[in-house]
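Asker: Sharing structure_37.pdb, PDB, C-alpha atoms:
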```pdb
ATOM      1  CA  MET S  20     109.437  85.457 114.654
ATOM      2  CA  THR S  21     110.469  86.041 118.261
ATOM      3  CA  PRO S  22     113.853  87.739 118.734
ATOM      4  CA  ARG S  23     116.514  85.596 120.390
ATOM      5  CA  THR S  24     117.449  86.760 123.868
ATOM      6  CA  ALA S  25     120.297  86.299 126.289
ATOM      7  CA  ALA S  26     119.802  84.379 129.544
ATOM      8  CA  ASP S  27     118.583  87.563 131.272
ATOM      9  CA  GLY S  28     115.968  88.221 128.558
ATOM     10  CA  GLU S  29     117.840  91.029 126.783
ATOM     11  CA  PRO S  30     118.114  90.939 122.976
ATOM     12  CA  LEU S  31     121.366  89.448 121.714
ATOM     13  CA  VAL S  32     121.413  92.031 118.899
ATOM     14  CA  ASP S  33     119.204  95.086 119.058
ATOM     15  CA  ARG S  34     120.748  97.259 116.338
ATOM     16  CA  ILE S  35     122.689  96.770 113.109
ATOM     17  CA  LYS S  36     124.004  99.791 111.250
ATOM     18  CA  THR S  37     125.892  99.649 107.966
ATOM     19  CA  ALA S  38     127.852 102.182 105.936
ATOM     20  CA  VAL S  39     129.129 101.797 102.371
ATOM     21  CA  TYR S  40     132.366 103.456 101.256
ATOM     22  CA  PRO S  41     133.252 103.153  97.558
ATOM     23  CA  GLY S  42     136.686 104.311  96.496
ATOM     24  CA  PRO S  43     139.103 104.159  93.591
ATOM     25  CA  THR S  44     142.160 101.917  93.560
ATOM     26  CA  ASP S  45     145.578 103.497  92.906
ATOM     27  CA  THR S  46     145.945 101.492  89.698
ATOM     28  CA  PRO S  47     143.720  98.976  87.918
ATOM     29  CA  GLU S  48     143.774  95.618  89.720
ATOM     30  CA  GLY S  49     142.914  92.102  88.665
ATOM     31  CA  ASP S  50     143.225  88.470  89.698
ATOM     32  CA  GLY S  51     142.870  86.699  86.369
ATOM     33  CA  THR S  52     139.311  87.983  85.953
ATOM     34  CA  PRO S  53     138.338  91.327  84.387
ATOM     35  CA  ALA S  54     140.287  94.198  85.965
ATOM     36  CA  TRP S  55     138.657  96.770  88.236
ATOM     37  CA  ASP S  56     139.546 100.329  89.173
ATOM     38  CA  SER S  57     137.505 100.783  92.352
ATOM     39  CA  THR S  58     136.539  98.859  95.455
ATOM     40  CA  THR S  59     133.761  99.105  98.038
ATOM     41  CA  MET S  60     134.130  98.703 101.806
ATOM     42  CA  ILE S  61     131.090  97.810 103.900
ATOM     43  CA  VAL S  62     131.392  98.749 107.577
ATOM     44  CA  VAL S  63     129.009  97.130 110.072
ATOM     45  CA  ARG S  64     128.303  98.157 113.662
ATOM     46  CA  VAL S  65     126.300  95.684 115.746
ATOM     47  CA  SER S  66     124.912  96.615 119.165
ATOM     48  CA  GLY S  67     123.340  94.520 121.863
ATOM     49  CA  GLY S  68     124.826  93.806 125.268
ATOM     50  CA  ALA S  69     128.081  95.055 123.702
ATOM     51  CA  THR S  70     129.030  96.839 120.489
ATOM     52  CA  GLY S  71     131.100  95.340 117.696
ATOM     53  CA  LEU S  72     132.568  96.830 114.540
ATOM     54  CA  GLY S  73     133.599  94.910 111.444
ATOM     55  CA  TYR S  74     134.167  95.392 107.753
ATOM     56  CA  THR S  75     134.324  93.546 104.465
ATOM     57  CA  TYR S  76     134.801  94.355 100.807
ATOM     58  CA  GLY S  77     132.051  93.588  98.330
ATOM     59  CA  ALA S  78     129.079  94.938  96.437
ATOM     60  CA  ALA S  79     127.137  97.808  98.015
ATOM     61  CA  ALA S  80     124.073  95.520  98.035
ATOM     62  CA  SER S  81     125.831  93.532 100.765
ATOM     63  CA  ALA S  82     124.807  96.241 103.241
ATOM     64  CA  HIS S  83     121.139  95.536 102.523
ATOM     65  CA  VAL S  84     121.653  91.807 103.083
ATOM     66  CA  ILE S  85     123.498  92.434 106.371
ATOM     67  CA  GLU S  86     120.748  94.740 107.679
ATOM     68  CA  ARG S  87     118.021  92.207 106.907
TER      69      ARG S  87
END
```
For the file at hand, write its structure as structure tokens.
Answerer:
Amino acid sequence: MTPRTAADGEPLVDRIKTAVYPGPTDTPEGDGTPAWDSTTMIVVRVSGGATGLGYTYGAAASAHVIER
């Protein structure tokens, strides 16, 4: 598979870095499903012609999916 490039031939994305931050909640939480007492934040930094930073909450395995 050939990487996609910008008009000038540079890669659109040349690096993706993730970090996983699990942490407890102040009190048990729930939304009508089983309650939970911790949450996990996934932080993503994408670099190419510019750098972007974003985050989401989900399973730690999400980081693996994002990197692939």
Asker: Rounded to one decimal in Å, what is the spacing between CA of Ile61 in chain S and CA of Asp45 in chain S?
Answerer: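 These atoms are spaced 19.1 Å apart.
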Asker: Kindly indicate which residue among S:Pro43, S:Lys36, S:Ser57, S:Gly49 lies nearest to Gly73 in chain S, using only C-alpha atoms for the distances.
Answerer: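 Of S:Pro43, S:Lys36, S:Ser57, S:Gly49, the one nearest Gly73 in chain S, counting only C-alpha atoms, is S:Lys36.
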Asker: Please tell me which residues are no farther than 6 Å from (132.8, 97.3, 100.3) in the file, counting only C-alpha atoms, and write them as a ChimeraX atom specification.
Answerer: /S:59-61,75-78
Asker: May I ask for the distance between CA of Glu48 in chain S and CA of Ser81 in chain S, given in Å to one decimal place?
Answerer: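 CA of Ser81 in chain S lies at a distance of 21.2 Å from CA of Glu48 in chain S.
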Asker: What's the separation between CA of Ile85 in chain S and CA of Arg34 in chain S, in Å to one decimal place?
Answerer: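 Rounded to one decimal, the two atoms are 11.4 Å apart.
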Asker: Pick the closest to Glu86 in chain S from S:Ala25, S:Ala54, S:Ile35, S:Ala69: which is it, counting only C-alpha atoms?
Answerer: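 Smallest separation from Glu86 in chain S among the options: S:Ile35.
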Asker: Once the PyMOL selection byres ((chain S and resi 40) around 9) is applied to the coordinates I shared, what remains selected? I want it as a ChimeraX atom specification.
Answerer: /S:38-39,41-42,58-62,79
Asker: Hey, can you spit out that residue selection with C-alpha atoms as an mmCIF file, keeping the file's coordinate frame?
Answerer:
```cif
data_model
loop_
_atom_site.group_PDB
_atom_site.id
_atom_site.type_symbol
_atom_site.label_atom_id
_atom_site.label_comp_id
_atom_site.auth_asym_id
_atom_site.auth_seq_id
_atom_site.Cartn_x
_atom_site.Cartn_y
_atom_site.Cartn_z
ATOM 1 C CA ALA S 38 127.852 102.182 105.936
ATOM 2 C CA VAL S 39 129.129 101.797 102.371
ATOM 3 C CA PRO S 41 133.252 103.153 97.558
ATOM 4 C CA GLY S 42 136.686 104.311 96.496
ATOM 5 C CA THR S 58 136.539 98.859 95.455
ATOM 6 C CA THR S 59 133.761 99.105 98.038
ATOM 7 C CA MET S 60 134.130 98.703 101.806
ATOM 8 C CA ILE S 61 131.090 97.810 103.900
ATOM 9 C CA VAL S 62 131.392 98.749 107.577
ATOM 10 C CA ALA S 79 127.137 97.808 98.015
#
```
Asker: Let me make sure I understand: among S:Thr52, S:Thr37, S:Thr70, S:Thr44, which one has the smallest atom-to-atom distance to Arg87 in chain S if we use all atoms listed in the file?
Answerer: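 Among S:Thr52, S:Thr37, S:Thr70, S:Thr44, it is S:Thr37 that comes nearest to Arg87 in chain S.
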Asker: Within 8 Å of (124.1, 94.8, 121.1) in the file's own coordinates, which protein, DNA or RNA residues have an atom, counting all atoms listed in the file? List them as a ChimeraX atom specification.
Answerer: /S:30-34,65-71
Asker: Could the residues in this selection be saved with C-alpha atoms as an mmCIF file, in the frame of the given file?
Answerer:
```cif
data_model
loop_
_atom_site.group_PDB
_atom_site.id
_atom_site.type_symbol
_atom_site.label_atom_id
_atom_site.label_comp_id
_atom_site.auth_asym_id
_atom_site.auth_seq_id
_atom_site.Cartn_x
_atom_site.Cartn_y
_atom_site.Cartn_z
ATOM 1 C CA PRO S 30 118.114 90.939 122.976
ATOM 2 C CA LEU S 31 121.366 89.448 121.714
ATOM 3 C CA VAL S 32 121.413 92.031 118.899
ATOM 4 C CA ASP S 33 119.204 95.086 119.058
ATOM 5 C CA ARG S 34 120.748 97.259 116.338
ATOM 6 C CA VAL S 65 126.300 95.684 115.746
ATOM 7 C CA SER S 66 124.912 96.615 119.165
ATOM 8 C CA GLY S 67 123.340 94.520 121.863
ATOM 9 C CA GLY S 68 124.826 93.806 125.268
ATOM 10 C CA ALA S 69 128.081 95.055 123.702
ATOM 11 C CA THR S 70 129.030 96.839 120.489
ATOM 12 C CA GLY S 71 131.100 95.340 117.696
#
```
Asker: Please supply range 54-79 of chain S, rebuilt with N, CA, C and O atoms, as a PDB file, in the frame of the given file.
Answerer:
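This went into out_23.pdb:
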```pdb
ATOM      1  N   ALA S  54     139.666  93.244  85.036  1.00  0.00           N
ATOM      2  CA  ALA S  54     140.287  94.198  85.965  1.00  0.00           C
ATOM      3  C   ALA S  54     139.251  95.190  86.489  1.00  0.00           C
ATOM      4  O   ALA S  54     138.222  95.419  85.871  1.00  0.00           O
ATOM      5  N   TRP S  55     139.531  95.765  87.645  1.00  0.00           N
ATOM      6  CA  TRP S  55     138.657  96.770  88.236  1.00  0.00           C
ATOM      7  C   TRP S  55     139.489  97.960  88.676  1.00  0.00           C
ATOM      8  O   TRP S  55     140.690  97.849  88.902  1.00  0.00           O
ATOM      9  N   ASP S  56     138.836  99.109  88.796  1.00  0.00           N
ATOM     10  CA  ASP S  56     139.546 100.329  89.173  1.00  0.00           C
ATOM     11  C   ASP S  56     138.946 100.999  90.402  1.00  0.00           C
ATOM     12  O   ASP S  56     139.236 102.144  90.711  1.00  0.00           O
ATOM     13  N   SER S  57     138.062 100.262  91.099  1.00  0.00           N
ATOM     14  CA  SER S  57     137.505 100.783  92.352  1.00  0.00           C
ATOM     15  C   SER S  57     137.137  99.598  93.241  1.00  0.00           C
ATOM     16  O   SER S  57     137.073  98.455  92.783  1.00  0.00           O
ATOM     17  N   THR S  58     136.939  99.889  94.503  1.00  0.00           N
ATOM     18  CA  THR S  58     136.539  98.859  95.455  1.00  0.00           C
ATOM     19  C   THR S  58     135.533  99.461  96.426  1.00  0.00           C
ATOM     20  O   THR S  58     135.437 100.683  96.541  1.00  0.00           O
ATOM     21  N   THR S  59     134.775  98.628  97.104  1.00  0.00           N
ATOM     22  CA  THR S  59     133.761  99.105  98.038  1.00  0.00           C
ATOM     23  C   THR S  59     133.932  98.418  99.381  1.00  0.00           C
ATOM     24  O   THR S  59     133.993  97.195  99.451  1.00  0.00           O
ATOM     25  N   MET S  60     134.031  99.221 100.441  1.00  0.00           N
ATOM     26  CA  MET S  60     134.130  98.703 101.806  1.00  0.00           C
ATOM     27  C   MET S  60     132.770  98.844 102.467  1.00  0.00           C
ATOM     28  O   MET S  60     132.126  99.893 102.367  1.00  0.00           O
ATOM     29  N   ILE S  61     132.331  97.782 103.133  1.00  0.00           N
ATOM     30  CA  ILE S  61     131.090  97.810 103.900  1.00  0.00           C
ATOM     31  C   ILE S  61     131.470  97.711 105.368  1.00  0.00           C
ATOM     32  O   ILE S  61     132.129  96.751 105.776  1.00  0.00           O
ATOM     33  N   VAL S  62     131.103  98.715 106.142  1.00  0.00           N
ATOM     34  CA  VAL S  62     131.392  98.749 107.577  1.00  0.00           C
ATOM     35  C   VAL S  62     130.100  98.441 108.322  1.00  0.00           C
ATOM     36  O   VAL S  62     129.047  98.983 108.000  1.00  0.00           O
ATOM     37  N   VAL S  63     130.185  97.559 109.321  1.00  0.00           N
ATOM     38  CA  VAL S  63     129.009  97.130 110.072  1.00  0.00           C
ATOM     39  C   VAL S  63     129.249  97.360 111.561  1.00  0.00           C
ATOM     40  O   VAL S  63     130.287  96.977 112.102  1.00  0.00           O
ATOM     41  N   ARG S  64     128.272  97.969 112.205  1.00  0.00           N
ATOM     42  CA  ARG S  64     128.303  98.157 113.662  1.00  0.00           C
ATOM     43  C   ARG S  64     127.096  97.424 114.239  1.00  0.00           C
ATOM     44  O   ARG S  64     125.964  97.681 113.842  1.00  0.00           O
ATOM     45  N   VAL S  65     127.350  96.496 115.133  1.00  0.00           N
ATOM     46  CA  VAL S  65     126.300  95.684 115.746  1.00  0.00           C
ATOM     47  C   VAL S  65     126.266  96.014 117.228  1.00  0.00           C
ATOM     48  O   VAL S  65     127.299  96.018 117.894  1.00  0.00           O
ATOM     49  N   SER S  66     125.073  96.290 117.750  1.00  0.00           N
ATOM     50  CA  SER S  66     124.912  96.615 119.165  1.00  0.00           C
ATOM     51  C   SER S  66     123.950  95.642 119.810  1.00  0.00           C
ATOM     52  O   SER S  66     123.000  95.176 119.194  1.00  0.00           O
ATOM     53  N   GLY S  67     124.192  95.370 121.048  1.00  0.00           N
ATOM     54  CA  GLY S  67     123.340  94.520 121.863  1.00  0.00           C
ATOM     55  C   GLY S  67     123.810  94.730 123.288  1.00  0.00           C
ATOM     56  O   GLY S  67     123.881  95.854 123.751  1.00  0.00           O
ATOM     57  N   GLY S  68     124.232  93.669 123.950  1.00  0.00           N
ATOM     58  CA  GLY S  68     124.826  93.806 125.268  1.00  0.00           C
ATOM     59  C   GLY S  68     126.184  94.467 125.184  1.00  0.00           C
ATOM     60  O   GLY S  68     126.689  95.031 126.144  1.00  0.00           O
ATOM     61  N   ALA S  69     126.802  94.414 123.992  1.00  0.00           N
ATOM     62  CA  ALA S  69     128.081  95.055 123.702  1.00  0.00           C
ATOM     63  C   ALA S  69     127.990  95.581 122.278  1.00  0.00           C
ATOM     64  O   ALA S  69     127.014  95.345 121.583  1.00  0.00           O
ATOM     65  N   THR S  70     129.004  96.308 121.848  1.00  0.00           N
ATOM     66  CA  THR S  70     129.030  96.839 120.489  1.00  0.00           C
ATOM     67  C   THR S  70     130.231  96.272 119.764  1.00  0.00           C
ATOM     68  O   THR S  70     131.321  96.193 120.327  1.00  0.00           O
ATOM     69  N   GLY S  71     130.015  95.861 118.512  1.00  0.00           N
ATOM     70  CA  GLY S  71     131.100  95.340 117.696  1.00  0.00           C
ATOM     71  C   GLY S  71     131.157  96.078 116.380  1.00  0.00           C
ATOM     72  O   GLY S  71     130.153  96.602 115.889  1.00  0.00           O
ATOM     73  N   LEU S  72     132.349  96.154 115.806  1.00  0.00           N
ATOM     74  CA  LEU S  72     132.568  96.830 114.540  1.00  0.00           C
ATOM     75  C   LEU S  72     133.352  95.890 113.636  1.00  0.00           C
ATOM     76  O   LEU S  72     134.332  95.279 114.069  1.00  0.00           O
ATOM     77  N   GLY S  73     132.903  95.759 112.394  1.00  0.00           N
ATOM     78  CA  GLY S  73     133.599  94.910 111.444  1.00  0.00           C
ATOM     79  C   GLY S  73     133.472  95.482 110.052  1.00  0.00           C
ATOM     80  O   GLY S  73     132.729  96.420 109.815  1.00  0.00           O
ATOM     81  N   TYR S  74     134.241  94.917 109.125  1.00  0.00           N
ATOM     82  CA  TYR S  74     134.167  95.392 107.753  1.00  0.00           C
ATOM     83  C   TYR S  74     134.463  94.259 106.788  1.00  0.00           C
ATOM     84  O   TYR S  74     135.024  93.235 107.152  1.00  0.00           O
ATOM     85  N   THR S  75     134.042  94.464 105.552  1.00  0.00           N
ATOM     86  CA  THR S  75     134.324  93.546 104.465  1.00  0.00           C
ATOM     87  C   THR S  75     134.360  94.351 103.185  1.00  0.00           C
ATOM     88  O   THR S  75     133.996  95.525 103.163  1.00  0.00           O
ATOM     89  N   TYR S  76     134.818  93.739 102.125  1.00  0.00           N
ATOM     90  CA  TYR S  76     134.801  94.355 100.807  1.00  0.00           C
ATOM     91  C   TYR S  76     133.843  93.575  99.932  1.00  0.00           C
ATOM     92  O   TYR S  76     133.826  92.348  99.969  1.00  0.00           O
ATOM     93  N   GLY S  77     133.008  94.267  99.190  1.00  0.00           N
ATOM     94  CA  GLY S  77     132.051  93.588  98.330  1.00  0.00           C
ATOM     95  C   GLY S  77     131.126  94.583  97.664  1.00  0.00           C
ATOM     96  O   GLY S  77     131.367  95.796  97.704  1.00  0.00           O
ATOM     97  N   ALA S  78     130.068  94.086  97.101  1.00  0.00           N
ATOM     98  CA  ALA S  78     129.079  94.938  96.437  1.00  0.00           C
ATOM     99  C   ALA S  78     128.308  95.749  97.476  1.00  0.00           C
ATOM    100  O   ALA S  78     128.075  95.283  98.601  1.00  0.00           O
ATOM    101  N   ALA S  79     127.904  96.961  97.105  1.00  0.00           N
ATOM    102  CA  ALA S  79     127.137  97.808  98.015  1.00  0.00           C
ATOM    103  C   ALA S  79     125.861  97.124  98.481  1.00  0.00           C
ATOM    104  O   ALA S  79     125.388  97.350  99.601  1.00  0.00           O
TER     105      ALA S  79
END
```
